[in-house]
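J.: Here you go, this is start-v5.tsv (TSV, C-alpha atoms).
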chain	number	residue	atom	x	y	z
A	1	MET	CA	0.00	0.00	0.00
A	2	SER	CA	2.86	2.42	0.72
A	3	LEU	CA	4.25	1.84	-2.79
A	4	TYR	CA	0.80	2.52	-4.25
A	5	ARG	CA	0.46	5.80	-2.34
A	6	TRP	CA	3.99	6.74	-3.32
A	7	GLU	CA	3.20	6.19	-6.99
A	8	LEU	CA	0.05	8.30	-6.73
A	9	LYS	CA	2.10	11.11	-5.22
A	10	LYS	CA	4.69	10.77	-7.98
A	11	ILE	CA	2.02	11.16	-10.66
A	12	TRP	CA	0.60	14.23	-8.94
A	13	LYS	CA	4.03	15.81	-8.37
A	14	ARG	CA	4.89	15.73	-12.08
A	15	ARG	CA	4.20	19.11	-13.64
A	16	SER	CA	3.01	17.53	-16.89
A	17	ALA	CA	0.48	15.42	-14.97
A	18	ARG	CA	-0.84	18.37	-12.96
A	19	VAL	CA	-1.22	20.44	-16.12
A	20	ALA	CA	-2.94	17.56	-17.93
A	21	LEU	CA	-5.35	16.93	-15.05
A	22	ALA	CA	-6.17	20.63	-14.83
A	23	LEU	CA	-6.78	20.73	-18.58
A	24	MET	CA	-9.17	17.77	-18.24
A	25	LEU	CA	-11.26	19.83	-15.85
A	26	VAL	CA	-11.09	22.89	-18.13
A	27	TRP	CA	-11.94	20.74	-21.16
A	28	THR	CA	-14.98	19.26	-19.43
A	29	MET	CA	-16.31	22.61	-18.22
A	30	ALA	CA	-15.68	24.25	-21.61
A	31	ALA	CA	-17.59	21.46	-23.38
A	32	ILE	CA	-20.50	21.85	-20.96
A	33	LEU	CA	-20.72	25.64	-21.29
A	34	VAL	CA	-20.29	25.68	-25.08
A	35	ASN	CA	-23.06	23.12	-25.42
A	36	ALA	CA	-25.47	24.87	-23.05
A	37	PHE	CA	-24.89	28.47	-24.13
A	38	TYR	CA	-23.87	28.17	-27.79
A	39	ASN	CA	-24.89	24.84	-29.30
A	40	ASN	CA	-28.40	25.11	-27.90
A	41	SER	CA	-28.85	28.79	-28.67
A	42	TYR	CA	-31.02	30.01	-31.55
A	43	LYS	CA	-29.02	31.42	-34.45
A	44	VAL	CA	-30.72	33.23	-37.32
A	45	ASP	CA	-27.73	32.97	-39.64
A	46	GLY	CA	-26.54	29.62	-38.31
A	47	VAL	CA	-23.60	31.26	-36.52
A	48	THR	CA	-24.56	34.28	-34.41
A	49	PRO	CA	-26.81	33.48	-31.42
A	50	CYS	CA	-29.74	35.81	-30.94
A	51	VAL	CA	-31.44	33.76	-28.22
A	52	PRO	CA	-28.98	32.42	-25.62
A	53	GLY	CA	-28.93	28.73	-24.83
A	54	PRO	CA	-30.79	28.67	-21.48
A	55	ALA	CA	-33.60	30.83	-22.88
A	56	GLU	CA	-33.86	28.69	-26.02
A	57	ILE	CA	-33.90	25.50	-23.95
A	58	ALA	CA	-36.86	26.92	-22.00
A	59	ASN	CA	-38.56	27.78	-25.32
A	60	GLN	CA	-38.06	24.28	-26.70
A	61	LEU	CA	-39.38	22.60	-23.56
A	62	ALA	CA	-42.48	24.82	-23.63
A	63	TRP	CA	-43.09	24.22	-27.34
A	64	ALA	CA	-42.90	20.46	-26.80
A	65	GLU	CA	-45.69	20.48	-24.21
A	66	PRO	CA	-48.61	20.08	-26.68
A	67	TRP	CA	-46.98	17.00	-28.21
A	68	ARG	CA	-45.64	15.24	-25.12
A	69	GLY	CA	-46.57	11.64	-24.48
A	70	GLU	CA	-47.58	8.99	-26.98
A	71	LEU	CA	-46.93	10.13	-30.53
A	72	THR	CA	-49.75	8.71	-32.62
A	73	GLY	CA	-50.10	8.82	-36.37
A	74	GLU	CA	-52.91	11.35	-35.92
A	75	GLN	CA	-50.60	13.69	-33.97
A	76	LEU	CA	-47.88	13.39	-36.59
A	77	ALA	CA	-50.40	14.13	-39.33
A	78	ALA	CA	-51.69	17.17	-37.45
A	79	ALA	CA	-48.18	18.56	-37.01
A	80	GLN	CA	-47.31	17.89	-40.65
A	81	ALA	CA	-50.57	19.53	-41.79
A	82	THR	CA	-49.42	22.78	-40.19
A	83	VAL	CA	-46.16	22.59	-42.11
A	84	TYR	CA	-47.78	21.41	-45.35
A	85	ASP	CA	-50.32	24.26	-45.38
A	86	LEU	CA	-47.60	26.80	-44.69
A	87	TYR	CA	-45.38	25.55	-47.51
A	88	HIS	CA	-48.26	25.48	-50.01
A	89	ASP	CA	-49.57	28.99	-49.31
A	90	PRO	CA	-48.01	31.39	-51.86
A	91	ALA	CA	-48.47	34.25	-49.41
A	92	ASN	CA	-45.72	32.72	-47.25
A	93	ARG	CA	-43.14	32.71	-50.04
A	94	THR	CA	-40.58	35.30	-51.06
A	95	PRO	CA	-40.14	36.11	-54.80
A	96	ASP	CA	-37.30	33.55	-54.99
A	97	GLY	CA	-39.56	30.78	-53.59
A	98	ASN	CA	-38.21	30.57	-50.04
A	99	LEU	CA	-40.33	30.83	-46.91
A	100	THR	CA	-40.53	34.31	-45.44
A	101	SER	CA	-38.85	34.75	-42.10
A	102	ASP	CA	-42.12	35.97	-40.57
A	103	SER	CA	-44.01	32.84	-41.59
A	104	TYR	CA	-41.16	30.61	-40.40
A	105	ASN	CA	-41.02	32.32	-37.00
A	106	ALA	CA	-44.80	32.25	-36.65
A	107	VAL	CA	-45.40	28.62	-37.60
A	108	ILE	CA	-42.28	26.45	-37.91
A	109	ARG	CA	-40.22	27.72	-35.00
A	110	PRO	CA	-42.98	27.18	-32.38
A	111	LEU	CA	-43.17	23.53	-33.46
A	112	GLY	CA	-39.77	23.21	-31.79
A	113	GLY	CA	-38.21	19.78	-31.90
A	114	MET	CA	-41.21	18.34	-33.75
A	115	THR	CA	-39.75	19.80	-36.95
A	116	ASN	CA	-36.63	17.62	-36.54
A	117	THR	CA	-38.78	14.54	-35.98
A	118	LEU	CA	-40.86	15.27	-39.10
A	119	MET	CA	-37.73	15.90	-41.17
A	120	ASN	CA	-36.19	12.65	-40.02
A	121	ILE	CA	-39.38	10.75	-40.83
A	122	ALA	CA	-39.71	12.32	-44.27
A	123	ALA	CA	-36.12	11.43	-45.13
A	124	GLY	CA	-35.77	8.06	-43.40
A	125	VAL	CA	-39.17	6.48	-44.00
A	126	TYR	CA	-40.56	8.28	-47.04
A	127	SER	CA	-37.24	8.88	-48.86
A	128	LEU	CA	-37.77	12.60	-49.35
A	129	PRO	CA	-34.82	15.03	-49.35
A	130	TYR	CA	-34.53	16.95	-46.10
A	131	ALA	CA	-35.15	20.19	-47.99
A	132	ALA	CA	-38.47	18.81	-49.28
A	133	TRP	CA	-39.86	17.64	-45.94
A	134	GLY	CA	-42.70	20.16	-46.22
A	135	GLU	CA	-43.96	18.29	-49.30
A	136	LEU	CA	-44.85	15.17	-47.30
A	137	GLU	CA	-48.64	14.79	-47.41
A	138	PRO	CA	-50.03	14.72	-43.86
A	139	ASP	CA	-52.41	11.79	-44.47
A	140	ARG	CA	-49.46	9.51	-45.17
A	141	LEU	CA	-48.44	9.84	-41.52
A	142	LEU	CA	-51.70	8.26	-40.36
A	143	THR	CA	-50.09	4.93	-41.21
A	144	TYR	CA	-46.60	5.98	-40.11
A	145	TYR	CA	-45.81	3.02	-37.86
A	146	ASP	CA	-46.77	0.49	-40.54
A	147	ASP	CA	-44.82	2.51	-43.11
A	148	ARG	CA	-41.80	2.58	-40.84
A	149	THR	CA	-41.92	-1.20	-40.40
A	150	GLY	CA	-41.78	-1.60	-44.15
A	151	ALA	CA	-38.96	0.93	-44.47
A	152	VAL	CA	-36.91	-0.84	-41.78
A	153	ASP	CA	-37.41	-4.17	-43.56
A	154	ARG	CA	-36.27	-2.70	-46.89
A	155	TRP	CA	-33.27	-1.06	-45.20
A	156	LEU	CA	-32.16	-4.29	-43.56
A	157	GLN	CA	-32.61	-6.18	-46.83
A	158	SER	CA	-30.33	-3.68	-48.56
A	159	GLN	CA	-27.69	-3.49	-45.82
A	160	CYS	CA	-27.53	-7.08	-44.56
A	161	LYS	CA	-27.25	-9.57	-47.39
A	162	ASP	CA	-26.64	-12.43	-44.97
A	163	PRO	CA	-29.98	-13.58	-43.45
A	164	ALA	CA	-28.19	-14.47	-40.20
A	165	ASP	CA	-26.87	-10.90	-39.92
A	166	ARG	CA	-30.29	-9.54	-40.69
A	167	ALA	CA	-31.85	-11.72	-38.00
A	168	VAL	CA	-29.80	-9.92	-35.31
A	169	PHE	CA	-31.43	-6.60	-36.12
A	170	GLU	CA	-34.85	-8.07	-36.83
A	171	ALA	CA	-34.76	-9.38	-33.26
A	172	GLN	CA	-33.88	-5.88	-32.05
A	173	GLU	CA	-36.68	-4.34	-34.10
A	174	ALA	CA	-39.21	-6.79	-32.67
A	175	ARG	CA	-38.60	-5.22	-29.23
A	176	VAL	CA	-39.15	-1.62	-30.37
A	177	GLN	CA	-42.34	-0.35	-28.74
A	178	THR	CA	-44.86	1.81	-30.56
A	179	PRO	CA	-46.33	4.37	-30.50
A	180	PHE	CA	-43.20	6.27	-29.61
A	181	VAL	CA	-42.96	8.56	-26.60
A	182	TYR	CA	-42.31	12.15	-27.65
A	183	ASP	CA	-40.71	15.11	-25.88
A	184	TRP	CA	-37.98	17.59	-26.74
A	185	TYR	CA	-34.96	15.32	-27.07
A	186	SER	CA	-32.46	17.45	-29.00
A	187	GLY	CA	-30.94	18.87	-25.82
A	188	GLN	CA	-30.28	15.38	-24.49
A	189	VAL	CA	-28.70	14.40	-27.81
A	190	SER	CA	-26.37	17.39	-27.50
A	191	VAL	CA	-25.37	16.11	-24.04
A	192	LEU	CA	-24.49	12.75	-25.60
A	193	GLN	CA	-22.21	14.52	-28.05
A	194	THR	CA	-20.68	16.53	-25.21
A	195	ILE	CA	-19.91	13.29	-23.35
A	196	GLN	CA	-18.23	11.96	-26.50
A	197	ASP	CA	-16.13	15.11	-26.96
A	198	THR	CA	-15.18	15.12	-23.28
A	199	MET	CA	-14.13	11.48	-23.42
A	200	LEU	CA	-11.76	12.13	-26.32
A	201	GLY	CA	-10.08	15.01	-24.48
A	202	VAL	CA	-9.83	13.08	-21.22
A	203	CYS	CA	-8.28	10.05	-22.93
A	204	LEU	CA	-5.68	12.16	-24.72
A	205	LEU	CA	-4.75	14.05	-21.58
A	206	LEU	CA	-4.56	10.81	-19.62
A	207	GLY	CA	-1.96	9.72	-22.15
A	208	VAL	CA	0.02	12.85	-21.34
A	209	ALA	CA	-0.36	12.52	-17.57
A	210	LEU	CA	0.59	8.82	-17.50
A	211	ALA	CA	3.22	8.78	-20.23
A	212	PRO	CA	6.17	8.64	-17.74
A	213	LEU	CA	4.57	5.74	-15.84
A	214	PHE	CA	7.44	3.34	-16.60
A	215	CYS	CA	9.77	5.18	-18.94
A	216	GLY	CA	10.10	8.06	-16.50
A	217	GLU	CA	12.27	5.83	-14.33
A	218	VAL	CA	14.55	5.14	-17.29
A	219	GLN	CA	14.67	8.77	-18.41
A	220	SER	CA	15.53	10.04	-14.91
A	221	GLY	CA	17.99	7.25	-14.11
A	222	VAL	CA	16.00	6.11	-11.07
A	223	LEU	CA	15.70	2.65	-12.62
A	224	ALA	CA	19.30	1.89	-11.68
A	225	VAL	CA	18.40	2.42	-8.02
A	226	SER	CA	14.84	1.06	-7.84
A	227	HIS	CA	15.72	-2.19	-9.61
A	228	CYS	CA	18.28	-2.94	-6.93
A	229	THR	CA	15.78	-2.68	-4.07
A	230	ARG	CA	13.76	-5.55	-2.66
A	231	GLN	CA	10.39	-4.33	-4.01
A	232	GLY	CA	11.73	-2.31	-6.93
A	233	ARG	CA	10.54	-4.61	-9.70
A	234	GLY	CA	7.29	-6.62	-9.52
A	235	ARG	CA	5.56	-4.84	-6.63
A	236	LEU	CA	6.63	-1.42	-7.81
A	237	ALA	CA	5.35	-2.12	-11.33
A	238	ALA	CA	2.02	-3.32	-9.92
A	239	ALA	CA	1.77	-0.18	-7.79
A	240	LYS	CA	2.38	1.97	-10.86
A	241	VAL	CA	-0.47	0.31	-12.76
A	242	GLY	CA	-2.76	0.58	-9.73
A	243	ALA	CA	-1.99	4.29	-9.34
A	244	ALA	CA	-2.59	4.89	-13.06
A	245	LEU	CA	-5.96	3.14	-12.84
A	246	THR	CA	-6.93	5.23	-9.83
A	247	VAL	CA	-6.12	8.44	-11.70
A	248	ALA	CA	-8.10	7.31	-14.75
A	249	VAL	CA	-11.17	6.21	-12.81
A	250	GLY	CA	-11.09	9.29	-10.59
A	251	THR	CA	-10.72	11.64	-13.53
A	252	TRP	CA	-13.64	10.13	-15.44
A	253	ALA	CA	-15.77	10.07	-12.27
A	254	VAL	CA	-15.24	13.82	-11.80
A	255	SER	CA	-15.92	14.55	-15.47
A	256	SER	CA	-19.05	12.37	-15.44
A	257	ALA	CA	-20.35	14.03	-12.29
A	258	LEU	CA	-19.91	17.47	-13.86
A	259	LEU	CA	-21.58	16.37	-17.08
A	260	VAL	CA	-24.59	14.85	-15.35
A	261	ALA	CA	-24.96	17.73	-12.87
A	262	SER	CA	-24.90	20.29	-15.69
A	263	GLN	CA	-27.38	18.22	-17.69
A	264	LEU	CA	-29.82	18.17	-14.80
A	265	TYR	CA	-29.36	21.91	-14.29
A	266	PHE	CA	-29.75	23.03	-17.90
A	267	PHE	CA	-31.93	20.31	-19.47
A	268	GLY	CA	-33.53	18.30	-16.68
A	269	THR	CA	-34.58	14.73	-17.41
A	270	ARG	CA	-37.22	15.40	-20.05
A	271	GLY	CA	-36.55	13.59	-23.30
A	272	LEU	CA	-34.45	10.84	-21.75
A	273	ASP	CA	-37.36	8.39	-22.04
A	274	CYS	CA	-37.82	9.11	-25.76
A	275	PRO	CA	-36.79	6.33	-28.18
A	276	ILE	CA	-33.83	6.84	-30.48
A	277	GLN	CA	-36.14	6.22	-33.44
A	278	LEU	CA	-37.29	9.85	-33.17
A	279	LEU	CA	-33.82	10.88	-34.30
A	280	LYS	CA	-33.04	7.88	-36.52
A	281	PRO	CA	-36.33	6.32	-37.70
A	282	LEU	CA	-34.61	3.25	-39.17
A	283	ALA	CA	-32.66	2.44	-36.00
A	284	THR	CA	-33.58	-1.01	-34.71
A	285	ALA	CA	-32.20	-0.95	-31.16
A	286	PRO	CA	-35.02	-0.75	-28.56
A	287	LEU	CA	-33.25	2.04	-26.66
A	288	THR	CA	-34.10	5.44	-25.23
A	289	PHE	CA	-31.80	8.45	-25.10
A	290	GLY	CA	-31.41	7.72	-21.39
A	291	ASP	CA	-30.13	4.25	-22.26
A	292	CYS	CA	-27.69	5.84	-24.71
A	293	GLU	CA	-26.38	8.15	-22.01
A	294	VAL	CA	-25.76	5.28	-19.61
A	295	TYR	CA	-23.88	3.51	-22.39
A	296	ALA	CA	-21.88	6.66	-23.22
A	297	LEU	CA	-20.79	7.13	-19.59
A	298	VAL	CA	-19.85	3.46	-19.15
A	299	PHE	CA	-18.09	3.47	-22.51
A	300	GLY	CA	-16.15	6.58	-21.45
A	301	LEU	CA	-14.91	4.79	-18.34
A	302	ALA	CA	-13.98	1.74	-20.41
A	303	CYS	CA	-12.07	3.93	-22.87
A	304	CYS	CA	-10.15	5.55	-20.01
A	305	LEU	CA	-9.13	2.06	-18.87
A	306	GLY	CA	-8.18	1.16	-22.43
A	307	THR	CA	-6.09	4.33	-22.64
A	308	VAL	CA	-4.28	3.35	-19.43
A	309	GLY	CA	-3.46	-0.01	-21.00
A	310	ILE	CA	-2.17	1.54	-24.23
A	311	THR	CA	-0.17	4.21	-22.40
A	312	ALA	CA	1.32	1.68	-19.98
A	313	GLY	CA	2.27	-0.60	-22.85
A	314	LEU	CA	4.04	2.19	-24.74
A	315	SER	CA	5.66	3.50	-21.57
A	316	GLY	CA	6.95	0.04	-20.72
A	317	VAL	CA	9.00	-0.23	-23.90
A	318	ALA	CA	9.99	3.44	-24.32
A	319	SER	CA	12.93	5.26	-22.76
A	320	ALA	CA	11.38	8.75	-22.72
A	321	SER	CA	7.94	10.30	-22.26
A	322	PHE	CA	7.62	12.17	-25.55
A	323	PRO	CA	7.49	9.07	-27.79
A	324	VAL	CA	4.74	7.70	-25.53
A	325	MET	CA	2.70	10.88	-25.87
A	326	ALA	CA	3.22	10.86	-29.62
A	327	GLY	CA	2.20	7.22	-29.79
A	328	VAL	CA	-0.99	7.84	-27.81
A	329	PHE	CA	-1.84	10.79	-30.05
A	330	GLY	CA	-1.22	8.72	-33.17
A	331	LEU	CA	-3.37	5.81	-31.98
A	332	LEU	CA	-6.22	7.86	-30.52
A	333	VAL	CA	-6.39	10.70	-33.07
A	334	LEU	CA	-4.40	10.19	-36.27
A	335	LEU	CA	-5.22	6.54	-36.91
A	336	PRO	CA	-9.01	6.95	-36.47
A	337	MET	CA	-8.86	10.16	-38.54
A	338	PHE	CA	-7.37	8.40	-41.56
A	339	GLY	CA	-8.77	4.95	-40.83
A	340	GLY	CA	-11.43	5.34	-43.53
A	341	MET	CA	-8.72	5.08	-46.18
A	342	LEU	CA	-7.65	1.63	-45.00
A	343	PRO	CA	-9.03	-1.79	-46.00
A	344	TRP	CA	-12.34	-2.74	-44.37
A	345	ALA	CA	-10.85	-5.31	-42.00
A	346	VAL	CA	-8.34	-2.72	-40.77
A	347	GLN	CA	-11.10	-0.12	-40.44
A	348	GLN	CA	-13.00	-2.47	-38.15
A	349	ALA	CA	-9.90	-2.96	-36.01
A	350	VAL	CA	-9.26	0.80	-35.86
A	351	ALA	CA	-12.88	1.34	-34.79
A	352	LEU	CA	-12.07	-0.57	-31.60
A	353	LEU	CA	-9.51	2.00	-30.40
A	354	PRO	CA	-10.62	4.01	-27.35
A	355	SER	CA	-11.37	7.23	-29.22
A	356	ALA	CA	-12.79	5.69	-32.42
A	357	GLY	CA	-16.14	4.38	-31.19
A	358	ASP	CA	-19.01	6.45	-29.86
A	359	TYR	CA	-22.62	6.33	-28.75
A	360	TYR	CA	-23.91	6.83	-32.31
A	361	ASP	CA	-23.08	3.22	-33.15
A	362	LEU	CA	-26.18	2.42	-31.08
A	363	PHE	CA	-28.19	3.88	-33.98
A	364	ARG	CA	-26.47	1.74	-36.62
A	365	GLN	CA	-26.53	-1.86	-37.81
A	366	ASN	CA	-22.86	-2.87	-37.77
A	367	LEU	CA	-21.59	-6.30	-36.78
A	368	TYR	CA	-18.30	-7.95	-35.92
A	369	HIS	CA	-17.89	-11.59	-36.91
A	370	ILE	CA	-15.80	-13.82	-34.65
A	371	GLY	CA	-16.20	-17.36	-35.89
A	372	PRO	CA	-19.91	-18.14	-35.70
A	373	LEU	CA	-20.55	-15.19	-33.35
A	374	ARG	CA	-22.18	-12.00	-34.58
A	375	ILE	CA	-21.46	-9.16	-32.17
A	376	TRP	CA	-23.14	-5.76	-32.46
A	377	SER	CA	-20.47	-3.07	-32.80
A	378	PRO	CA	-21.34	-1.09	-29.60
A	379	VAL	CA	-21.03	-4.29	-27.56
A	380	MET	CA	-17.74	-5.16	-29.24
A	381	GLN	CA	-16.31	-1.67	-28.75
A	382	LEU	CA	-17.24	-1.68	-25.09
A	383	ALA	CA	-15.92	-5.18	-24.44
A	384	VAL	CA	-12.54	-4.59	-26.12
A	385	GLN	CA	-11.49	-1.59	-24.00
A	386	PRO	CA	-10.72	-3.56	-20.80
A	387	LEU	CA	-8.75	-6.02	-22.93
A	388	TYR	CA	-6.22	-3.32	-23.77
A	389	LEU	CA	-5.62	-3.01	-20.05
A	390	ALA	CA	-5.69	-6.75	-19.39
A	391	VAL	CA	-3.13	-7.47	-22.14
A	392	LEU	CA	-0.88	-4.42	-22.32
A	393	ALA	CA	-0.51	-3.62	-18.60
A	394	PRO	CA	0.90	-7.09	-17.75
A	395	LEU	CA	3.10	-6.85	-20.83
A	396	ALA	CA	4.45	-3.49	-19.64
A	397	TRP	CA	4.93	-4.98	-16.15
A	398	ARG	CA	6.93	-7.85	-17.62
A	399	VAL	CA	9.10	-5.62	-19.82
A	400	TYR	CA	9.75	-3.19	-16.95
A	401	THR	CA	10.72	-5.85	-14.44
A	402	ARG	CA	13.11	-7.50	-16.91
A	403	ARG	CA	14.66	-4.28	-18.05
A	404	GLN	CA	18.41	-4.34	-17.68
A	405	VAL	CA	20.12	-1.68	-15.61
A	406	LYS	CA	22.84	0.09	-17.58
If you convert what's in this file into structure tokens, what do you get?

T.:
Amino acid sequence: MSLYRWELKKIWKRRSARVALALMLVWTMAAILVNAFYNNSYKVDGVTPCVPGPAEIANQLAWAEPWRGELTGEQLAAAQATVYDLYHDPANRTPDGNLTSDSYNAVIRPLGGMTNTLMNIAAGVYSLPYAAWGELEPDRLLTYYDDRTGAVDRWLQSQCKDPADRAVFEAQEARVQTPFVYDWYSGQVSVLQTIQDTMLGVCLLLGVALAPLFCGEVQSGVLAVSHCTRQGRGRLAAAKVGAALTVAVGTWAVSSALLVASQLYFFGTRGLDCPIQLLKPLATAPLTFGDCEVYALVFGLACCLGTVGITAGLSGVASASFPVMAGVFGLLVLLPMFGGMLPWAVQQAVALLPSAGDYYDLFRQNLYHIGPLRIWSPVMQLAVQPLYLAVLAPLAWRVYTRRQVK
């Protein structure tokens, strides 16, 4: 235990670690404030906010009130009728054919998040361009849930040529409950994206803070002394890994607490019980946005553990901190950034790196094949992260303890 505490103190005493940990806190708070005050603000020109985020959030929650609860085909048709009539009244058009700003602000804007739902339905189920969503005839939405079932079936037929693959998502779809529950969900989706952005920053900065974990002893020359002591090899290496894990778990716990507390303050819990099919009509997973957030937070913790494993592995074989930091940056940022240019099998492997996956895979139909097993990509991405730690940390321990003193 004394070695473990000593290693924790060593991490904290390093200037690079203190700066990295402080930046994690700044990164988390910046992501929260940008999301609440800028991303959720109302912008006339798409850039300059004219209604600040908290006020716009209050607007959206109020505008969602008439539509809250079960979203029937009749309610969808009624909402679309408002849009359809507006688009087909020449008095609401400018000479170039666009809607006037007055008509938009009077009719479309007070529909709030319902406009996003109708756009997603028009594009996903009825194959209309997003720009032509106002052309969707309201009566078609009276049979929306049947129409969606047919659209999902056609989508799976086109995407999954193997019937066994298709069966995985047909089983998911069978558990999707209709009619859907509706409320303003866009704010909660923005929180999901904020969690994803925060996770990426935390993982990168963990790589910086923990880079000297093993190689710092080599770089400073302490290895020549510590390896000659009674507990300077195996137990010391184990204490280093334990201290690194404590820092990772503690850091993500603080970030998660801040994210959830700010969510409750700015957005509340409304919308968390809405199904993901409001955003992605052809999604087959029987999940709510609340389920997605739980996954995102657990996945963030798993990615922090995976980052510890990768950083420890690199630190175990390196002789200086900078190559470890560069390696972490390359694996977590550069490789996923350019992974789309690589062969498909390599792309799938790259997608398993800590920063490559995200909550949005819950909306998709991607599978990993391991022998006869078909594993949904979010499950695979979550399960792989602890393996980085389980494989690379013992490897780093072994390399460190066998390192020769020069």

J.: Residues near segment 367-381 of chain A, anyone? I mean within 10 Å using all atoms listed in the file, not counting same-chain ones fewer than 3 positions away, as a ChimeraX atom specification.

T.: /A:160,164-165,168-169,295,299,302-303,345,348-349,351-354,356-364,384-386

J.: Quick check, in Å to one decimal: how far apart do atom CA of Thr82 of chain A and atom CA of Leu118 of chain A lie?

T.: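 That distance, rounded to one decimal, is 11.4 Å.
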
J.: Hey, can you check how far atom CA of Ala81 of chain A sits from atom CA of Tyr144 of chain A?

T.: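 For atom CA of Ala81 of chain A relative to atom CA of Tyr144 of chain A, the distance reads 14.2 Å.
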
J.: For the point (-40.0, 30.6, -38.3) in the file's frame, write as a count of residues only all residues with an atom no more than 12 Å away, counting all atoms listed in the file.

T.: 23

J.: Could you check which of A:Gln277, A:Ser321, A:Thr178, A:Ser186 is closest to Leu213 of chain A, using only C-alpha atoms?

T.: A:Ser321

J.: Determine the nearest neighbour of Gln80 of chain A from the options A:Leu259, A:Ala36, A:Val249, A:Ala122, counting all atoms listed in the file.

T.: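 Closest to Gln80 of chain A of all the choices is A:Ala122.
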
J.: A:Tyr388, A:Trp344, A:Trp252, A:Trp6: which is nearest Cys304 of chain A, counting all atoms listed in the file?

T.: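 Residue with the minimum atom-to-atom distance to Cys304 of chain A: A:Trp252.
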
J.: For a test of reading the model, state the distance in Å between atom CA of Ser2 of chain A and atom CA of Ala390 of chain A, rounded to one decimal.

T.: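 Between atom CA of Ser2 of chain A and atom CA of Ala390 of chain A the gap works out to 23.7 Å.
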
J.: Taking all atoms listed in the file into account, name the residue in A:Leu264, A:Leu33, A:Leu332, A:Ala285 that is nearest to Glu170 of chain A.

T.: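 With all atoms listed in the file as the atom set, the closest residue is A:Ala285.
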
J.: Using all atoms listed in the file, pick whichever of A:Gln193, A:Ala79, A:Ala62, A:Val208 has the shortest atom-to-atom distance to Val19 of chain A.

T.: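 With all atoms listed in the file as the atom set, the closest residue is A:Val208.
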
J.: Which residue, A:Ser256, A:Asn116, A:Ser16, A:Ser190, has the smallest gap to Ala64 of chain A when you use all atoms listed in the file?

T.: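 Counting all atoms listed in the file, the residue closest to Ala64 of chain A is A:Asn116.
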
J.: Kindly list the centre and edge lengths in Å, rounded to one decimal, for the axis-aligned box that covers all listed atoms of segment 374-390 of chain A plus 5 Å on each of its six sides, as AutoDock Vina command-line options.

T.:
--center_x -14.4 --center_y -6.5 --center_z -27.0 --size_x 27.5 --size_y 20.9 --size_z 25.2

J.: Taking 6 positions as the minimum chain separation for residues in the same chain, which residues sit within 10 Å of Leu23 of chain A when counting all atoms listed in the file? Answer as JSON, numbers by chain.

T.: {"A": [17, 29, 201, 202, 205]}

J.: Write out as a PyMOL selection string which residues come within 8 Å of segment 307-311 of chain A when counting all atoms listed in the file, dropping same-chain ones fewer than 3 positions away.

T.: chain A and resi 203+206-207+210-211+244-245+248+303-304+314-315+324+328+354+388-393

J.: What does the file look like for those residues with C-alpha atoms, as a JSON list (two decimals), in the coordinates of the input?

T.:
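Written output follows (part_24.json):
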[["chain", "number", "residue", "atom", "x", "y", "z"],
["A", 203, "CYS", "CA", -8.28, 10.05, -22.93],
["A", 206, "LEU", "CA", -4.56, 10.81, -19.62],
["A", 207, "GLY", "CA", -1.96, 9.72, -22.15],
["A", 210, "LEU", "CA", 0.59, 8.82, -17.50],
["A", 211, "ALA", "CA", 3.22, 8.78, -20.23],
["A", 244, "ALA", "CA", -2.59, 4.89, -13.06],
["A", 245, "LEU", "CA", -5.96, 3.14, -12.84],
["A", 248, "ALA", "CA", -8.10, 7.31, -14.75],
["A", 303, "CYS", "CA", -12.07, 3.93, -22.87],
["A", 304, "CYS", "CA", -10.15, 5.55, -20.01],
["A", 314, "LEU", "CA", 4.04, 2.19, -24.74],
["A", 315, "SER", "CA", 5.66, 3.50, -21.57],
["A", 324, "VAL", "CA", 4.74, 7.70, -25.53],
["A", 328, "VAL", "CA", -0.99, 7.84, -27.81],
["A", 354, "PRO", "CA", -10.62, 4.01, -27.35],
["A", 388, "TYR", "CA", -6.22, -3.32, -23.77],
["A", 389, "LEU", "CA", -5.62, -3.01, -20.05],
["A", 390, "ALA", "CA", -5.69, -6.75, -19.39],
["A", 391, "VAL", "CA", -3.13, -7.47, -22.14],
["A", 392, "LEU", "CA", -0.88, -4.42, -22.32],
["A", 393, "ALA", "CA", -0.51, -3.62, -18.60]]

J.: Contacts of Leu258 of chain A at 10 Å or less, counting all atoms listed in the file, minus same-chain residues fewer than 4 places along, as a ChimeraX atom specification?

T.: /A:25,28-29,32,252-254,262-264

J.: Those residues with C-alpha atoms, as a PDB file, in the frame of the given file please?

T.:
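As written to disk, again.pdb reads:
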ATOM      1  CA  LEU A  25     -11.260  19.830 -15.850  1.00  0.00           C
ATOM      2  CA  THR A  28     -14.980  19.260 -19.430  1.00  0.00           C
ATOM      3  CA  MET A  29     -16.310  22.610 -18.220  1.00  0.00           C
ATOM      4  CA  ILE A  32     -20.500  21.850 -20.960  1.00  0.00           C
ATOM      5  CA  TRP A 252     -13.640  10.130 -15.440  1.00  0.00           C
ATOM      6  CA  ALA A 253     -15.770  10.070 -12.270  1.00  0.00           C
ATOM      7  CA  VAL A 254     -15.240  13.820 -11.800  1.00  0.00           C
ATOM      8  CA  SER A 262     -24.900  20.290 -15.690  1.00  0.00           C
ATOM      9  CA  GLN A 263     -27.380  18.220 -17.690  1.00  0.00           C
ATOM     10  CA  LEU A 264     -29.820  18.170 -14.800  1.00  0.00           C
TER      11      LEU A 264
END
